[in-house]
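S.K.: Got a structure for you, data33.cif, holding mmCIF, C-alpha atoms.
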```cif
data_start
#
loop_
_atom_site.group_PDB
_atom_site.id
_atom_site.type_symbol
_atom_site.label_atom_id
_atom_site.label_comp_id
_atom_site.auth_asym_id
_atom_site.auth_seq_id
_atom_site.Cartn_x
_atom_site.Cartn_y
_atom_site.Cartn_z
ATOM 1 C CA MET A 1 20.856 55.865 2.428
ATOM 2 C CA SER A 2 23.424 54.052 4.569
ATOM 3 C CA ARG A 3 20.841 51.368 5.365
ATOM 4 C CA LYS A 4 20.159 50.801 1.651
ATOM 5 C CA ILE A 5 23.877 50.515 0.945
ATOM 6 C CA SER A 6 24.214 47.971 3.775
ATOM 7 C CA LEU A 7 21.343 45.926 2.367
ATOM 8 C CA ILE A 8 22.838 46.029 -1.125
ATOM 9 C CA LEU A 9 26.203 44.851 0.184
ATOM 10 C CA LEU A 10 24.502 42.130 2.221
ATOM 11 C CA TYR A 11 22.514 40.832 -0.751
ATOM 12 C CA LEU A 12 25.611 40.990 -2.929
ATOM 13 C CA ALA A 13 27.590 38.950 -0.406
ATOM 14 C CA LEU A 14 24.753 36.411 -0.134
ATOM 15 C CA ALA A 15 24.559 36.156 -3.927
ATOM 16 C CA ILE A 16 28.290 35.478 -4.170
ATOM 17 C CA ILE A 17 28.120 32.843 -1.427
ATOM 18 C CA THR A 18 25.122 31.218 -3.149
ATOM 19 C CA ILE A 19 26.939 31.081 -6.499
ATOM 20 C CA ILE A 20 29.979 29.511 -4.833
ATOM 21 C CA ALA A 21 27.772 26.980 -3.038
ATOM 22 C CA ILE A 22 25.829 25.820 -6.106
ATOM 23 C CA SER A 23 28.713 25.944 -8.583
ATOM 24 C CA PRO A 24 29.927 22.368 -7.819
ATOM 25 C CA PHE A 25 26.462 20.996 -8.556
ATOM 26 C CA TYR A 26 26.278 23.050 -11.760
ATOM 27 C CA PHE A 27 29.661 21.822 -12.981
ATOM 28 C CA MET A 28 28.659 18.265 -12.084
ATOM 29 C CA ILE A 29 25.647 18.539 -14.385
ATOM 30 C CA ILE A 30 27.769 20.132 -17.127
ATOM 31 C CA MET A 31 30.439 17.409 -16.890
ATOM 32 C CA SER A 32 27.771 14.703 -17.070
ATOM 33 C CA SER A 33 26.846 15.939 -20.555
ATOM 34 C CA TYR A 34 30.289 15.183 -22.051
ATOM 35 C CA ARG A 35 32.174 12.054 -22.963
ATOM 36 C CA THR A 36 34.739 10.646 -20.570
ATOM 37 C CA GLN A 37 37.496 11.475 -23.044
ATOM 38 C CA ASN A 38 36.441 15.149 -23.041
ATOM 39 C CA LEU A 39 36.711 15.483 -19.258
ATOM 40 C CA ALA A 40 40.502 15.498 -19.462
ATOM 41 C CA GLU A 41 40.263 18.568 -21.674
ATOM 42 C CA ALA A 42 38.984 22.035 -20.801
ATOM 43 C CA VAL A 43 35.236 21.574 -20.263
ATOM 44 C CA SER A 44 33.054 24.448 -21.404
ATOM 45 C CA MET A 45 30.649 26.284 -19.136
ATOM 46 C CA LEU A 46 27.888 25.232 -21.525
ATOM 47 C CA PRO A 47 26.372 21.722 -21.558
ATOM 48 C CA GLY A 48 27.445 19.162 -24.131
ATOM 49 C CA ASN A 49 25.374 16.756 -26.222
ATOM 50 C CA HIS A 50 26.237 13.461 -24.517
ATOM 51 C CA PHE A 51 23.935 13.651 -21.483
ATOM 52 C CA LEU A 52 21.265 11.262 -22.773
ATOM 53 C CA VAL A 53 23.924 8.665 -23.625
ATOM 54 C CA ASN A 54 25.378 8.896 -20.117
ATOM 55 C CA LEU A 55 21.896 8.751 -18.629
ATOM 56 C CA ARG A 56 21.108 5.584 -20.598
ATOM 57 C CA THR A 57 24.385 4.043 -19.400
ATOM 58 C CA VAL A 58 23.441 4.829 -15.812
ATOM 59 C CA LEU A 59 19.918 3.430 -16.114
ATOM 60 C CA ASP A 60 21.096 0.284 -17.909
ATOM 61 C CA SER A 61 23.531 -0.445 -15.062
ATOM 62 C CA GLY A 62 20.684 -1.056 -12.618
ATOM 63 C CA PHE A 63 20.832 2.388 -11.066
ATOM 64 C CA LEU A 64 17.122 2.408 -10.196
ATOM 65 C CA LEU A 65 17.651 -0.734 -8.115
ATOM 66 C CA TYR A 66 20.575 0.935 -6.324
ATOM 67 C CA TYR A 67 18.366 3.975 -5.831
ATOM 68 C CA ARG A 68 15.642 1.893 -4.243
ATOM 69 C CA ASN A 69 18.094 0.099 -1.958
ATOM 70 C CA SER A 70 19.657 3.371 -0.807
ATOM 71 C CA LEU A 71 16.286 4.994 -0.243
ATOM 72 C CA TYR A 72 14.955 2.033 1.738
ATOM 73 C CA ALA A 73 18.096 1.768 3.874
ATOM 74 C CA ALA A 74 18.278 5.523 4.519
ATOM 75 C CA VAL A 75 14.602 5.875 5.485
ATOM 76 C CA VAL A 76 14.596 2.854 7.802
ATOM 77 C CA PHE A 77 17.955 3.835 9.297
ATOM 78 C CA THR A 78 16.825 7.417 9.938
ATOM 79 C CA THR A 79 13.489 6.366 11.458
ATOM 80 C CA ILE A 80 14.989 3.848 13.885
ATOM 81 C CA SER A 81 17.861 6.189 14.730
ATOM 82 C CA LEU A 82 15.509 9.059 15.570
ATOM 83 C CA LEU A 83 13.445 6.824 17.854
ATOM 84 C CA LEU A 84 16.433 5.370 19.720
ATOM 85 C CA CYS A 85 18.402 8.612 20.012
ATOM 86 C CA SER A 86 15.396 10.642 21.143
ATOM 87 C CA MET A 87 14.420 8.111 23.812
ATOM 88 C CA ALA A 88 17.994 7.748 25.088
ATOM 89 C CA GLY A 89 18.673 11.496 25.034
ATOM 90 C CA TYR A 90 15.388 12.232 26.799
ATOM 91 C CA GLY A 91 16.161 9.595 29.416
ATOM 92 C CA PHE A 92 19.625 11.003 30.130
ATOM 93 C CA ALA A 93 18.266 14.559 30.356
ATOM 94 C CA LYS A 94 15.144 14.060 32.470
ATOM 95 C CA PHE A 95 15.704 10.943 34.634
ATOM 96 C CA ASN A 96 18.198 10.857 37.528
ATOM 97 C CA PHE A 97 18.860 7.115 37.668
ATOM 98 C CA LYS A 98 21.882 5.385 39.125
ATOM 99 C CA GLY A 99 24.835 5.508 36.752
ATOM 100 C CA ASN A 100 23.389 8.321 34.622
ATOM 101 C CA LYS A 101 26.575 10.382 34.543
ATOM 102 C CA VAL A 102 28.794 7.336 34.004
ATOM 103 C CA LEU A 103 26.740 6.085 31.065
ATOM 104 C CA PHE A 104 26.528 9.539 29.530
ATOM 105 C CA ALA A 105 30.311 9.912 29.833
ATOM 106 C CA PHE A 106 30.621 6.537 28.080
ATOM 107 C CA VAL A 107 28.398 7.834 25.247
ATOM 108 C CA ILE A 108 30.578 10.926 24.846
ATOM 109 C CA GLY A 109 33.752 8.833 24.964
ATOM 110 C CA ALA A 110 32.382 6.439 22.340
ATOM 111 C CA MET A 111 32.152 9.330 19.861
ATOM 112 C CA MET A 112 35.954 9.463 19.821
ATOM 113 C CA ILE A 113 36.322 5.797 18.799
ATOM 114 C CA PRO A 114 36.494 5.267 15.008
ATOM 115 C CA ALA A 115 33.744 2.980 13.756
ATOM 116 C CA GLN A 116 36.240 1.218 11.475
ATOM 117 C CA LEU A 117 37.880 -0.463 14.476
ATOM 118 C CA GLY A 118 34.913 -2.758 15.013
ATOM 119 C CA LEU A 119 34.127 -3.375 11.357
ATOM 120 C CA ILE A 120 35.539 -6.927 11.185
ATOM 121 C CA GLY A 121 33.700 -8.010 14.325
ATOM 122 C CA TYR A 122 30.527 -6.401 13.025
ATOM 123 C CA VAL A 123 30.718 -8.336 9.743
ATOM 124 C CA ILE A 124 31.169 -11.608 11.648
ATOM 125 C CA GLN A 125 28.244 -10.726 13.916
ATOM 126 C CA MET A 126 25.956 -10.057 10.960
ATOM 127 C CA ARG A 127 26.871 -13.386 9.372
ATOM 128 C CA VAL A 128 26.237 -15.268 12.624
ATOM 129 C CA MET A 129 22.824 -13.598 12.875
ATOM 130 C CA GLY A 130 22.031 -14.645 9.295
ATOM 131 C CA LEU A 131 21.766 -11.078 7.973
ATOM 132 C CA GLY A 132 24.686 -11.238 5.562
ATOM 133 C CA ARG A 133 22.538 -11.256 2.403
ATOM 134 C CA THR A 134 20.175 -8.456 3.450
ATOM 135 C CA LEU A 135 20.296 -4.677 3.765
ATOM 136 C CA TRP A 136 20.168 -4.829 7.561
ATOM 137 C CA PRO A 137 23.969 -4.755 8.042
ATOM 138 C CA ILE A 138 24.077 -1.222 6.632
ATOM 139 C CA ILE A 139 21.019 -0.199 8.664
ATOM 140 C CA LEU A 140 21.889 -1.496 12.120
ATOM 141 C CA GLY A 141 25.547 -0.455 12.214
ATOM 142 C CA ASP A 142 25.229 3.178 13.348
ATOM 143 C CA VAL A 143 21.541 3.308 14.151
ATOM 144 C CA ALA A 144 22.271 4.095 17.827
ATOM 145 C CA SER A 145 24.306 7.210 17.136
ATOM 146 C CA CYS A 146 26.289 8.519 20.103
ATOM 147 C CA PHE A 147 26.230 11.978 18.577
ATOM 148 C CA GLY A 148 22.452 11.732 18.173
ATOM 149 C CA VAL A 149 21.996 10.811 21.822
ATOM 150 C CA PHE A 150 24.263 13.666 22.918
ATOM 151 C CA TRP A 151 22.531 16.141 20.599
ATOM 152 C CA ILE A 152 19.014 15.267 21.778
ATOM 153 C CA CYS A 153 20.095 15.222 25.434
ATOM 154 C CA GLN A 154 21.599 18.713 25.229
ATOM 155 C CA TYR A 155 18.574 20.035 23.365
ATOM 156 C CA VAL A 156 16.091 18.556 25.855
ATOM 157 C CA ARG A 157 18.008 20.034 28.777
ATOM 158 C CA GLY A 158 17.927 23.483 27.249
ATOM 159 C CA SER A 159 14.434 23.630 25.770
ATOM 160 C CA LEU A 160 12.075 21.243 27.580
ATOM 161 C CA SER A 161 10.944 22.531 30.948
ATOM 162 C CA ASP A 162 10.442 20.182 33.884
ATOM 163 C CA ALA A 163 7.252 22.094 34.694
ATOM 164 C CA ILE A 164 5.550 20.646 31.616
ATOM 165 C CA LEU A 165 6.489 17.105 32.527
ATOM 166 C CA GLU A 166 5.422 17.477 36.160
ATOM 167 C CA SER A 167 2.083 18.952 35.079
ATOM 168 C CA ALA A 168 1.498 15.995 32.776
ATOM 169 C CA ARG A 169 2.353 13.509 35.539
ATOM 170 C CA ILE A 170 -0.051 15.241 37.925
ATOM 171 C CA ASP A 171 -2.777 14.934 35.271
ATOM 172 C CA GLY A 172 -2.139 11.183 35.137
ATOM 173 C CA CYS A 173 -0.102 10.840 31.952
ATOM 174 C CA GLY A 174 2.214 7.854 31.688
ATOM 175 C CA GLU A 175 5.858 8.258 30.783
ATOM 176 C CA PHE A 176 5.456 6.950 27.237
ATOM 177 C CA ARG A 177 2.521 9.257 26.597
ATOM 178 C CA ILE A 178 4.510 12.191 27.976
ATOM 179 C CA PHE A 179 7.407 11.325 25.709
ATOM 180 C CA PHE A 180 5.438 10.862 22.479
ATOM 181 C CA ASN A 181 2.733 13.534 22.979
ATOM 182 C CA ILE A 182 4.657 16.245 24.842
ATOM 183 C CA ALA A 183 8.418 15.804 24.596
ATOM 184 C CA LEU A 184 8.711 14.958 20.893
ATOM 185 C CA PRO A 185 6.633 17.942 19.654
ATOM 186 C CA CYS A 186 8.806 20.267 21.769
ATOM 187 C CA ILE A 187 12.060 18.987 20.272
ATOM 188 C CA THR A 188 10.926 18.872 16.633
ATOM 189 C CA PRO A 189 13.733 21.183 15.384
ATOM 190 C CA ALA A 190 16.360 18.936 16.991
ATOM 191 C CA LEU A 191 14.750 15.855 15.457
ATOM 192 C CA ALA A 192 14.635 17.528 12.033
ATOM 193 C CA THR A 193 18.327 18.389 12.244
ATOM 194 C CA LEU A 194 19.256 14.879 13.333
ATOM 195 C CA ALA A 195 17.051 13.365 10.608
ATOM 196 C CA ILE A 196 18.843 15.362 7.904
ATOM 197 C CA LEU A 197 22.273 14.396 9.250
ATOM 198 C CA GLN A 198 21.413 10.709 9.583
ATOM 199 C CA PHE A 199 19.758 10.500 6.167
ATOM 200 C CA VAL A 200 22.752 12.117 4.465
ATOM 201 C CA PHE A 201 25.141 9.866 6.407
ATOM 202 C CA SER A 202 23.292 6.703 5.381
ATOM 203 C CA TRP A 203 22.841 7.853 1.773
ATOM 204 C CA ASN A 204 26.535 8.614 1.273
ATOM 205 C CA TYR A 205 28.074 5.794 3.335
ATOM 206 C CA TYR A 206 30.476 3.670 1.317
ATOM 207 C CA LEU A 207 32.753 1.606 3.568
ATOM 208 C CA ARG A 208 30.240 -0.556 5.437
ATOM 209 C CA PRO A 209 28.191 -1.450 2.309
ATOM 210 C CA LEU A 210 31.453 -2.256 0.515
ATOM 211 C CA VAL A 211 32.442 -4.739 3.239
ATOM 212 C CA THR A 212 29.066 -6.229 4.156
ATOM 213 C CA LEU A 213 27.218 -6.406 0.807
ATOM 214 C CA SER A 214 28.324 -9.083 -1.636
ATOM 215 C CA ASP A 215 25.155 -9.428 -3.708
ATOM 216 C CA PRO A 216 25.033 -6.833 -6.551
ATOM 217 C CA ARG A 217 21.248 -6.744 -6.196
ATOM 218 C CA LEU A 218 21.715 -5.178 -2.738
ATOM 219 C CA PHE A 219 24.218 -2.527 -3.799
ATOM 220 C CA THR A 220 23.542 1.051 -2.755
ATOM 221 C CA ILE A 221 24.247 4.126 -4.871
ATOM 222 C CA PRO A 222 27.891 4.619 -3.745
ATOM 223 C CA LEU A 223 28.706 1.026 -4.705
ATOM 224 C CA GLY A 224 26.715 1.251 -7.921
ATOM 225 C CA VAL A 225 28.492 4.433 -8.976
ATOM 226 C CA ALA A 226 31.895 2.873 -8.272
ATOM 227 C CA THR A 227 31.123 -0.059 -10.582
ATOM 228 C CA LEU A 228 30.030 2.013 -13.582
ATOM 229 C CA GLY A 229 32.188 1.441 -16.641
ATOM 230 C CA THR A 230 33.663 -1.429 -18.594
ATOM 231 C CA ARG A 231 36.276 -4.008 -17.737
ATOM 232 C CA TYR A 232 39.044 -1.870 -19.222
ATOM 233 C CA GLN A 233 37.878 1.679 -18.549
ATOM 234 C CA THR A 234 35.936 3.542 -15.871
ATOM 235 C CA ASP A 235 33.180 5.692 -17.330
ATOM 236 C CA HIS A 236 33.757 8.876 -15.349
ATOM 237 C CA ALA A 237 31.132 10.844 -17.262
ATOM 238 C CA ALA A 238 28.457 8.268 -16.433
ATOM 239 C CA GLN A 239 29.616 8.259 -12.814
ATOM 240 C CA ILE A 240 29.220 12.029 -12.605
ATOM 241 C CA CYS A 241 25.765 11.726 -14.166
ATOM 242 C CA ALA A 242 24.827 9.145 -11.541
ATOM 243 C CA LEU A 243 26.153 11.394 -8.783
ATOM 244 C CA ALA A 244 24.033 14.258 -10.072
ATOM 245 C CA LEU A 245 20.933 12.041 -9.918
ATOM 246 C CA ALA A 246 21.919 10.819 -6.450
ATOM 247 C CA THR A 247 22.084 14.386 -5.142
ATOM 248 C CA VAL A 248 18.400 15.065 -5.842
ATOM 249 C CA PRO A 249 16.988 13.254 -2.735
ATOM 250 C CA LEU A 250 19.456 15.081 -0.489
ATOM 251 C CA ILE A 251 18.264 18.429 -1.839
ATOM 252 C CA ILE A 252 14.626 17.412 -1.329
ATOM 253 C CA VAL A 253 15.308 16.267 2.252
ATOM 254 C CA PHE A 254 17.040 19.525 3.091
ATOM 255 C CA ILE A 255 14.268 21.636 1.546
ATOM 256 C CA CYS A 256 11.586 19.712 3.441
ATOM 257 C CA GLY A 257 13.455 19.854 6.755
ATOM 258 C CA SER A 258 14.945 23.336 6.612
ATOM 259 C CA LYS A 259 11.705 25.086 7.590
ATOM 260 C CA THR A 260 11.412 22.994 10.735
ATOM 261 C CA PHE A 261 15.108 23.389 11.406
ATOM 262 C CA ILE A 262 14.976 27.192 11.520
ATOM 263 C CA SER A 263 11.564 27.468 13.195
ATOM 264 C CA GLY A 264 11.113 28.358 16.860
ATOM 265 C CA LEU A 265 13.635 26.265 18.775
ATOM 266 C CA THR A 266 11.648 26.334 22.010
ATOM 267 C CA SER A 267 8.108 26.218 20.612
ATOM 268 C CA GLY A 268 5.758 24.451 22.981
ATOM 269 C CA ALA A 269 7.885 24.970 26.088
ATOM 270 C CA VAL A 270 7.503 27.471 28.918
ATOM 271 C CA LYS A 271 10.020 29.573 30.717
ATOM 272 C CA GLU A 272 11.024 28.477 34.182
#
```
Kindly present the structure from the file in structure tokens form.

M.R.:
Amino acid sequence: MSRKISLILLYLALAIITIIAISPFYFMIIMSSYRTQNLAEAVSMLPGNHFLVNLRTVLDSGFLLYYRNSLYAAVVFTTISLLLCSMAGYGFAKFNFKGNKVLFAFVIGAMMIPAQLGLIGYVIQMRVMGLGRTLWPIILGDVASCFGVFWICQYVRGSLSDAILESARIDGCGEFRIFFNIALPCITPALATLAILQFVFSWNYYLRPLVTLSDPRLFTIPLGVATLGTRYQTDHAAQICALALATVPLIIVFICGSKTFISGLTSGAVKE
């Protein structure tokens, strides 16, 4: 009986936490179905009748183009970031080269430096390289994430046994084959976690696109949402509708990556 009561209390607590977690998204959808003038009043818990009008306003503003730009930038950014961070983290964890500790300390120290400090120099660099009118300035900026390198390095040290690597070298495997065929499958949960974090970071980033992108055809969703409205009034209802649509890919990414994230953290490795 006590076990049943504990389970009931546990499920009740989880239900309350779930309701609290999803309530902002629910209210965002509800608010997107009202006029901007109604948002200053007490909004009902029930949806209004202005959602299709707000949706048309969002689509007419070029939101699908912003969607495509954000999706392209986030996917390319995440892919390159995973490759660079995994290779660097694996190198720091499994190769004792000269200056390893010094370089790794530099990586950790770089995490404490705000990225905004180098923003002006970065914009000038992109213009000198001829990338000012492309999406590459918002892709290359944080692609070599110091946190990503640190995260992969710590995970490799704790989950990837040296015995596997030595066995592969004895069998004649090259270092690149060991990395892609042995190391990466063993650190899949770490890669899934980093992929979710990097995708969300790129999808939501506002400052660097605001500074580096001047062509409206290259705007991402954060910039597109900020420009919704007329010359004299910001359409907050349409903005909330756009934000609700922009949240869908993040939910899909988390659902697709959560299974890998919570799966066996040391699958494929052996105990020393």

S.K.: Just give me the gap between CA of Leu243 (chain A) and CA of Met28 (chain A) in Å, one decimal is fine.

M.R.: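 These atoms are spaced 8.0 Å apart.
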
S.K.: Under the PyMOL selection byres ((chain A and resi 238) around 8), which residues of this model are included? Write them out as a short mmCIF file (atom, residue, chain, number, x, y, z; two decimals) with C-alpha atoms, in the coordinates of the input.

M.R.:
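Output contents, as saved in expr_24.cif:
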```
data_model
loop_
_atom_site.label_atom_id
_atom_site.label_comp_id
_atom_site.auth_asym_id
_atom_site.auth_seq_id
_atom_site.Cartn_x
_atom_site.Cartn_y
_atom_site.Cartn_z
CA SER A 32 27.77 14.70 -17.07
CA THR A 36 34.74 10.65 -20.57
CA ASN A 54 25.38 8.90 -20.12
CA LEU A 55 21.90 8.75 -18.63
CA THR A 57 24.38 4.04 -19.40
CA VAL A 58 23.44 4.83 -15.81
CA LEU A 228 30.03 2.01 -13.58
CA GLY A 229 32.19 1.44 -16.64
CA ASP A 235 33.18 5.69 -17.33
CA HIS A 236 33.76 8.88 -15.35
CA ALA A 237 31.13 10.84 -17.26
CA GLN A 239 29.62 8.26 -12.81
CA ILE A 240 29.22 12.03 -12.60
CA CYS A 241 25.76 11.73 -14.17
CA ALA A 242 24.83 9.14 -11.54
#
```

S.K.: Quick one, how far is CA of Ser145 (chain A) from CA of Cys85 (chain A)?

M.R.: 6.7 Å

S.K.: So the first atom is CA of Ile8 (chain A) and the second is CA of Met45 (chain A); what is the distance between them in Å, to one decimal place?

M.R.: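 Going from CA of Ile8 (chain A) over to CA of Met45 (chain A) covers 27.8 Å.
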
S.K.: Can you pull out every residue within 8 Å of Ala195 (chain A), counting only C-alpha atoms, but drop anything in the same chain fewer than 4 positions away, and send it as a PyMOL selection string?

M.R.: chain A and resi 78-79+82+191+199

S.K.: Output the residue selection produced by the PyMOL selection byres ((chain A and resi 68) around 12) on the file above, formatted as a PyMOL selection string.

M.R.: chain A and resi 62-67+69-75+135+203+217-221+224+246+249

S.K.: Mind telling me what the PyMOL selection byres ((chain A and resi 190) around 9) catches here, as a list in words?

M.R.: Trp151, Ile152, Tyr155, Val156, Ile187, Thr188, Pro189, Leu191, Ala192, Thr193, Leu194, Ala195, Thr260, Phe261 and Leu265 of chain A

S.K.: For each of A:Val225, A:Ser159, A:Ile164, A:Ser2, take the minimum atom-to-atom distance to Leu210 (chain A), counting all atoms listed in the file, then give the residue where this is smallest.

M.R.: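 Of A:Val225, A:Ser159, A:Ile164, A:Ser2, the one nearest Leu210 (chain A) is A:Val225, counting all atoms listed in the file.
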
S.K.: Padding of 5 Å on every side, edges along x, y and z, all listed atoms of region 149-167 of chain A included: what centre and edge lengths in Å, to one decimal, does that box have, as JSON?

M.R.:
```
{"center_x": 13.2, "center_y": 17.2, "center_z": 28.4, "size_x": 32.2, "size_y": 22.8, "size_z": 25.6}
```
